[in-house]
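Text of model-v7.cif, listed as mmCIF, N, CA and C atoms:
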data_my_file
loop_
_atom_site.label_atom_id
_atom_site.label_comp_id
_atom_site.auth_asym_id
_atom_site.auth_seq_id
_atom_site.Cartn_x
_atom_site.Cartn_y
_atom_site.Cartn_z
N MET F 1 1.66 11.50 2.63
CA MET F 1 2.00 10.10 2.82
C MET F 1 2.44 9.92 4.26
N ASN F 2 2.03 8.84 4.82
CA ASN F 2 2.45 8.48 6.16
C ASN F 2 3.95 8.21 6.13
N ASN F 3 4.71 8.76 7.06
CA ASN F 3 6.16 8.61 7.05
C ASN F 3 6.64 7.38 7.80
N THR F 4 5.79 6.43 8.03
CA THR F 4 6.18 5.22 8.74
C THR F 4 5.99 4.02 7.83
N LEU F 5 7.03 3.64 7.13
CA LEU F 5 6.91 2.49 6.24
C LEU F 5 6.68 1.20 7.00
N ALA F 6 7.35 1.02 8.10
CA ALA F 6 7.19 -0.20 8.87
C ALA F 6 6.12 0.02 9.94
N PRO F 7 5.20 -0.94 10.07
CA PRO F 7 4.20 -0.80 11.12
C PRO F 7 4.85 -0.89 12.49
N LYS F 8 4.24 -0.25 13.47
CA LYS F 8 4.73 -0.31 14.84
C LYS F 8 4.27 -1.63 15.46
N LEU F 9 5.19 -2.54 15.66
CA LEU F 9 4.86 -3.86 16.19
C LEU F 9 5.75 -4.17 17.38
N SER F 10 5.20 -4.94 18.27
CA SER F 10 6.03 -5.41 19.37
C SER F 10 6.88 -6.58 18.87
N PRO F 11 8.00 -6.85 19.52
CA PRO F 11 8.88 -7.94 19.08
C PRO F 11 8.11 -9.26 18.96
N GLY F 12 8.30 -9.93 17.85
CA GLY F 12 7.66 -11.21 17.62
C GLY F 12 6.27 -11.12 17.03
N ALA F 13 5.68 -9.93 16.96
CA ALA F 13 4.34 -9.76 16.40
C ALA F 13 4.41 -9.83 14.88
N GLN F 14 3.37 -10.36 14.28
CA GLN F 14 3.28 -10.44 12.83
C GLN F 14 2.45 -9.27 12.31
N PRO F 15 2.90 -8.63 11.24
CA PRO F 15 2.12 -7.53 10.68
C PRO F 15 0.83 -8.07 10.05
N SER F 16 -0.20 -7.26 10.08
CA SER F 16 -1.47 -7.65 9.48
C SER F 16 -1.39 -7.44 7.97
N ALA F 17 -2.36 -8.00 7.26
CA ALA F 17 -2.45 -7.78 5.81
C ALA F 17 -2.59 -6.30 5.50
N LEU F 18 -3.29 -5.57 6.36
CA LEU F 18 -3.43 -4.13 6.17
C LEU F 18 -2.10 -3.41 6.35
N ASP F 19 -1.34 -3.77 7.38
CA ASP F 19 -0.02 -3.18 7.59
C ASP F 19 0.90 -3.43 6.40
N ILE F 20 0.88 -4.65 5.92
CA ILE F 20 1.73 -5.03 4.78
C ILE F 20 1.32 -4.26 3.53
N PHE F 21 0.00 -4.16 3.31
CA PHE F 21 -0.48 -3.45 2.13
C PHE F 21 -0.10 -1.98 2.19
N ARG F 22 -0.27 -1.35 3.34
CA ARG F 22 0.06 0.07 3.48
C ARG F 22 1.56 0.29 3.22
N ALA F 23 2.41 -0.55 3.78
CA ALA F 23 3.85 -0.42 3.56
C ALA F 23 4.20 -0.63 2.09
N ARG F 24 3.54 -1.58 1.47
CA ARG F 24 3.78 -1.85 0.06
C ARG F 24 3.33 -0.66 -0.80
N ALA F 25 2.18 -0.07 -0.45
CA ALA F 25 1.68 1.09 -1.20
C ALA F 25 2.63 2.28 -1.04
N GLU F 26 3.13 2.49 0.16
CA GLU F 26 4.08 3.58 0.38
C GLU F 26 5.36 3.36 -0.42
N ALA F 27 5.84 2.13 -0.43
CA ALA F 27 7.06 1.82 -1.18
C ALA F 27 6.85 2.02 -2.68
N ARG F 28 5.71 1.55 -3.20
CA ARG F 28 5.44 1.72 -4.63
C ARG F 28 5.26 3.19 -4.99
N ALA F 29 4.69 3.96 -4.10
CA ALA F 29 4.54 5.39 -4.36
C ALA F 29 5.92 6.06 -4.46
N ILE F 30 6.82 5.67 -3.60
CA ILE F 30 8.19 6.21 -3.66
C ILE F 30 8.86 5.80 -4.96
N LEU F 31 8.70 4.55 -5.36
CA LEU F 31 9.28 4.08 -6.62
C LEU F 31 8.65 4.76 -7.83
N TYR F 32 7.35 5.02 -7.76
CA TYR F 32 6.68 5.77 -8.82
C TYR F 32 7.27 7.18 -8.92
N ALA F 33 7.43 7.83 -7.78
CA ALA F 33 7.99 9.19 -7.77
C ALA F 33 9.41 9.21 -8.32
N ALA F 34 10.15 8.11 -8.14
CA ALA F 34 11.52 8.02 -8.64
C ALA F 34 11.58 7.60 -10.10
N GLY F 35 10.41 7.33 -10.70
CA GLY F 35 10.38 6.95 -12.11
C GLY F 35 10.60 5.48 -12.37
N GLU F 36 10.56 4.65 -11.33
CA GLU F 36 10.78 3.22 -11.49
C GLU F 36 9.52 2.48 -11.97
N PHE F 37 8.35 3.05 -11.72
CA PHE F 37 7.07 2.51 -12.16
C PHE F 37 6.28 3.62 -12.82
N ASP F 38 5.46 3.27 -13.82
CA ASP F 38 4.46 4.25 -14.21
C ASP F 38 3.27 4.03 -13.29
N LEU F 39 2.38 4.99 -13.22
CA LEU F 39 1.30 4.96 -12.24
C LEU F 39 0.42 3.72 -12.41
N LEU F 40 0.08 3.38 -13.63
CA LEU F 40 -0.79 2.24 -13.88
C LEU F 40 -0.17 0.94 -13.38
N ASP F 41 1.09 0.72 -13.67
CA ASP F 41 1.75 -0.50 -13.20
C ASP F 41 1.84 -0.54 -11.68
N ALA F 42 2.10 0.61 -11.08
CA ALA F 42 2.23 0.67 -9.62
C ALA F 42 0.91 0.31 -8.94
N VAL F 43 -0.18 0.92 -9.38
CA VAL F 43 -1.45 0.65 -8.70
C VAL F 43 -2.05 -0.69 -9.10
N ASP F 44 -1.80 -1.16 -10.32
CA ASP F 44 -2.29 -2.48 -10.71
C ASP F 44 -1.68 -3.57 -9.84
N GLY F 45 -0.39 -3.45 -9.57
CA GLY F 45 0.27 -4.42 -8.69
C GLY F 45 -0.31 -4.39 -7.29
N LEU F 46 -0.62 -3.21 -6.81
CA LEU F 46 -1.23 -3.10 -5.48
C LEU F 46 -2.63 -3.69 -5.46
N GLN F 47 -3.40 -3.43 -6.50
CA GLN F 47 -4.75 -4.00 -6.58
C GLN F 47 -4.70 -5.52 -6.57
N GLN F 48 -3.79 -6.09 -7.33
CA GLN F 48 -3.64 -7.54 -7.35
C GLN F 48 -3.26 -8.08 -5.99
N ALA F 49 -2.37 -7.38 -5.30
CA ALA F 49 -1.96 -7.81 -3.96
C ALA F 49 -3.12 -7.74 -2.98
N ALA F 50 -3.93 -6.69 -3.09
CA ALA F 50 -5.09 -6.54 -2.20
C ALA F 50 -6.10 -7.67 -2.43
N GLU F 51 -6.28 -8.03 -3.67
CA GLU F 51 -7.19 -9.14 -3.99
C GLU F 51 -6.64 -10.46 -3.47
N ALA F 52 -5.37 -10.72 -3.74
CA ALA F 52 -4.76 -12.00 -3.37
C ALA F 52 -4.69 -12.20 -1.85
N SER F 53 -4.51 -11.11 -1.11
CA SER F 53 -4.38 -11.22 0.34
C SER F 53 -5.73 -11.28 1.05
N GLY F 54 -6.81 -11.04 0.32
CA GLY F 54 -8.13 -11.01 0.92
C GLY F 54 -8.46 -9.67 1.56
N LEU F 55 -7.62 -8.68 1.35
CA LEU F 55 -7.82 -7.38 1.98
C LEU F 55 -9.11 -6.71 1.49
N ILE F 56 -9.43 -6.88 0.22
CA ILE F 56 -10.65 -6.28 -0.31
C ILE F 56 -11.87 -6.87 0.39
N ASP F 57 -11.85 -8.17 0.60
CA ASP F 57 -12.96 -8.81 1.32
C ASP F 57 -13.06 -8.31 2.75
N ASN F 58 -11.92 -8.01 3.36
CA ASN F 58 -11.90 -7.59 4.77
C ASN F 58 -12.26 -6.13 4.98
N ILE F 59 -11.72 -5.23 4.16
CA ILE F 59 -11.94 -3.79 4.40
C ILE F 59 -12.71 -3.11 3.28
N GLY F 60 -12.87 -3.75 2.15
CA GLY F 60 -13.61 -3.18 1.03
C GLY F 60 -12.73 -2.47 0.02
N GLN F 61 -13.22 -2.42 -1.21
CA GLN F 61 -12.49 -1.79 -2.31
C GLN F 61 -12.28 -0.30 -2.06
N ASP F 62 -13.28 0.38 -1.53
CA ASP F 62 -13.14 1.82 -1.29
C ASP F 62 -12.00 2.11 -0.31
N ALA F 63 -11.88 1.32 0.73
CA ALA F 63 -10.81 1.52 1.71
C ALA F 63 -9.44 1.25 1.09
N VAL F 64 -9.35 0.22 0.25
CA VAL F 64 -8.10 -0.08 -0.44
C VAL F 64 -7.71 1.09 -1.33
N GLN F 65 -8.67 1.62 -2.08
CA GLN F 65 -8.37 2.75 -2.95
C GLN F 65 -8.00 4.00 -2.16
N GLN F 66 -8.60 4.17 -1.00
CA GLN F 66 -8.26 5.32 -0.15
C GLN F 66 -6.80 5.24 0.31
N ILE F 67 -6.36 4.05 0.68
CA ILE F 67 -4.97 3.87 1.09
C ILE F 67 -4.03 4.21 -0.06
N MET F 68 -4.35 3.71 -1.25
CA MET F 68 -3.51 4.02 -2.40
C MET F 68 -3.50 5.51 -2.69
N ALA F 69 -4.66 6.16 -2.60
CA ALA F 69 -4.74 7.59 -2.87
C ALA F 69 -3.91 8.38 -1.86
N GLU F 70 -3.96 7.99 -0.59
CA GLU F 70 -3.16 8.67 0.43
C GLU F 70 -1.68 8.55 0.14
N CYS F 71 -1.26 7.34 -0.21
CA CYS F 71 0.16 7.10 -0.45
C CYS F 71 0.66 7.81 -1.70
N PHE F 72 -0.09 7.71 -2.79
CA PHE F 72 0.36 8.31 -4.05
C PHE F 72 0.13 9.81 -4.07
N GLY F 73 -0.86 10.29 -3.33
CA GLY F 73 -1.11 11.72 -3.27
C GLY F 73 0.04 12.48 -2.63
N GLY F 74 0.77 11.82 -1.76
CA GLY F 74 1.89 12.45 -1.08
C GLY F 74 3.14 12.59 -1.93
N VAL F 75 3.17 11.96 -3.10
CA VAL F 75 4.39 12.00 -3.93
C VAL F 75 4.19 12.72 -5.25
N ARG F 76 3.02 13.19 -5.51
CA ARG F 76 2.78 13.86 -6.80
C ARG F 76 3.39 15.22 -6.84
#

Now, as a test, write the supplied structure out as structure tokens.
Amino acid sequence: MNNTLAPKLSPGAQPSALDIFRARAEARAILYAAGEFDLLDAVDGLQQAAEASGLIDNIGQDAVQQIMAECFGGVR
């Protein structure tokens, strides 16, 4: 898992949908590892967020799943 939850931004810059999704995936992976989510609930919420933000349209489903796999693979 990437150890940078917050994207590197200059002051006043807005994070991209990708930055937000990656941070959210990392946070959910940590919560899953702590037993706060089961795996299905954790990734379903991320999938819904990716759809709602338009991220799937921008980077594709495979890329979204790769991000989730990277984040959750680091906590298993």

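Atom pair atom CA of Ala63 of chain F / atom N of Glu51 of chain F has a distance of 11.9 Å (rounded to one decimal).
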
Chain F: residues DSSP assigns to helix (DSSP H, G or I), reported as a count of residues only: 50

Interatomic distance, atom CA of Leu40 of chain F to atom C of Ser53 of chain F (Å, one decimal): 20.7 Å

Evaluate the PyMOL selection byres (((chain F and resi 67 and name CA) around 12) and name CA) and report residues as number ranges by chain: F: 1-2, 18-26, 29, 43, 46-47, 50, 55-56, 59-66, 68-74

Give me a file of those residues, with N, CA and C atoms, as a short mmCIF file (atom, residue, chain, number, x, y, z; two decimals), in the coordinates of the input.
data_model
loop_
_atom_site.label_atom_id
_atom_site.label_comp_id
_atom_site.auth_asym_id
_atom_site.auth_seq_id
_atom_site.Cartn_x
_atom_site.Cartn_y
_atom_site.Cartn_z
N MET F 1 1.66 11.50 2.63
CA MET F 1 2.00 10.10 2.82
C MET F 1 2.44 9.92 4.26
N ASN F 2 2.03 8.84 4.82
CA ASN F 2 2.45 8.48 6.16
C ASN F 2 3.95 8.21 6.13
N LEU F 18 -3.29 -5.57 6.36
CA LEU F 18 -3.43 -4.13 6.17
C LEU F 18 -2.10 -3.41 6.35
N ASP F 19 -1.34 -3.77 7.38
CA ASP F 19 -0.02 -3.18 7.59
C ASP F 19 0.90 -3.43 6.40
N ILE F 20 0.88 -4.65 5.92
CA ILE F 20 1.73 -5.03 4.78
C ILE F 20 1.32 -4.26 3.53
N PHE F 21 0.00 -4.16 3.31
CA PHE F 21 -0.48 -3.45 2.13
C PHE F 21 -0.10 -1.98 2.19
N ARG F 22 -0.27 -1.35 3.34
CA ARG F 22 0.06 0.07 3.48
C ARG F 22 1.56 0.29 3.22
N ALA F 23 2.41 -0.55 3.78
CA ALA F 23 3.85 -0.42 3.56
C ALA F 23 4.20 -0.63 2.09
N ARG F 24 3.54 -1.58 1.47
CA ARG F 24 3.78 -1.85 0.06
C ARG F 24 3.33 -0.66 -0.80
N ALA F 25 2.18 -0.07 -0.45
CA ALA F 25 1.68 1.09 -1.20
C ALA F 25 2.63 2.28 -1.04
N GLU F 26 3.13 2.49 0.16
CA GLU F 26 4.08 3.58 0.38
C GLU F 26 5.36 3.36 -0.42
N ALA F 29 4.69 3.96 -4.10
CA ALA F 29 4.54 5.39 -4.36
C ALA F 29 5.92 6.06 -4.46
N VAL F 43 -0.18 0.92 -9.38
CA VAL F 43 -1.45 0.65 -8.70
C VAL F 43 -2.05 -0.69 -9.10
N LEU F 46 -0.62 -3.21 -6.81
CA LEU F 46 -1.23 -3.10 -5.48
C LEU F 46 -2.63 -3.69 -5.46
N GLN F 47 -3.40 -3.43 -6.50
CA GLN F 47 -4.75 -4.00 -6.58
C GLN F 47 -4.70 -5.52 -6.57
N ALA F 50 -3.93 -6.69 -3.09
CA ALA F 50 -5.09 -6.54 -2.20
C ALA F 50 -6.10 -7.67 -2.43
N LEU F 55 -7.62 -8.68 1.35
CA LEU F 55 -7.82 -7.38 1.98
C LEU F 55 -9.11 -6.71 1.49
N ILE F 56 -9.43 -6.88 0.22
CA ILE F 56 -10.65 -6.28 -0.31
C ILE F 56 -11.87 -6.87 0.39
N ILE F 59 -11.72 -5.23 4.16
CA ILE F 59 -11.94 -3.79 4.40
C ILE F 59 -12.71 -3.11 3.28
N GLY F 60 -12.87 -3.75 2.15
CA GLY F 60 -13.61 -3.18 1.03
C GLY F 60 -12.73 -2.47 0.02
N GLN F 61 -13.22 -2.42 -1.21
CA GLN F 61 -12.49 -1.79 -2.31
C GLN F 61 -12.28 -0.30 -2.06
N ASP F 62 -13.28 0.38 -1.53
CA ASP F 62 -13.14 1.82 -1.29
C ASP F 62 -12.00 2.11 -0.31
N ALA F 63 -11.88 1.32 0.73
CA ALA F 63 -10.81 1.52 1.71
C ALA F 63 -9.44 1.25 1.09
N VAL F 64 -9.35 0.22 0.25
CA VAL F 64 -8.10 -0.08 -0.44
C VAL F 64 -7.71 1.09 -1.33
N GLN F 65 -8.67 1.62 -2.08
CA GLN F 65 -8.37 2.75 -2.95
C GLN F 65 -8.00 4.00 -2.16
N GLN F 66 -8.60 4.17 -1.00
CA GLN F 66 -8.26 5.32 -0.15
C GLN F 66 -6.80 5.24 0.31
N MET F 68 -4.35 3.71 -1.25
CA MET F 68 -3.51 4.02 -2.40
C MET F 68 -3.50 5.51 -2.69
N ALA F 69 -4.66 6.16 -2.60
CA ALA F 69 -4.74 7.59 -2.87
C ALA F 69 -3.91 8.38 -1.86
N GLU F 70 -3.96 7.99 -0.59
CA GLU F 70 -3.16 8.67 0.43
C GLU F 70 -1.68 8.55 0.14
N CYS F 71 -1.26 7.34 -0.21
CA CYS F 71 0.16 7.10 -0.45
C CYS F 71 0.66 7.81 -1.70
N PHE F 72 -0.09 7.71 -2.79
CA PHE F 72 0.36 8.31 -4.05
C PHE F 72 0.13 9.81 -4.07
N GLY F 73 -0.86 10.29 -3.33
CA GLY F 73 -1.11 11.72 -3.27
C GLY F 73 0.04 12.48 -2.63
N GLY F 74 0.77 11.82 -1.76
CA GLY F 74 1.89 12.45 -1.08
C GLY F 74 3.14 12.59 -1.93
#

Atom CA of Asp57 of chain F to atom CA of Pro11 of chain F, distance in Å rounded to a single decimal: 28.2 Å
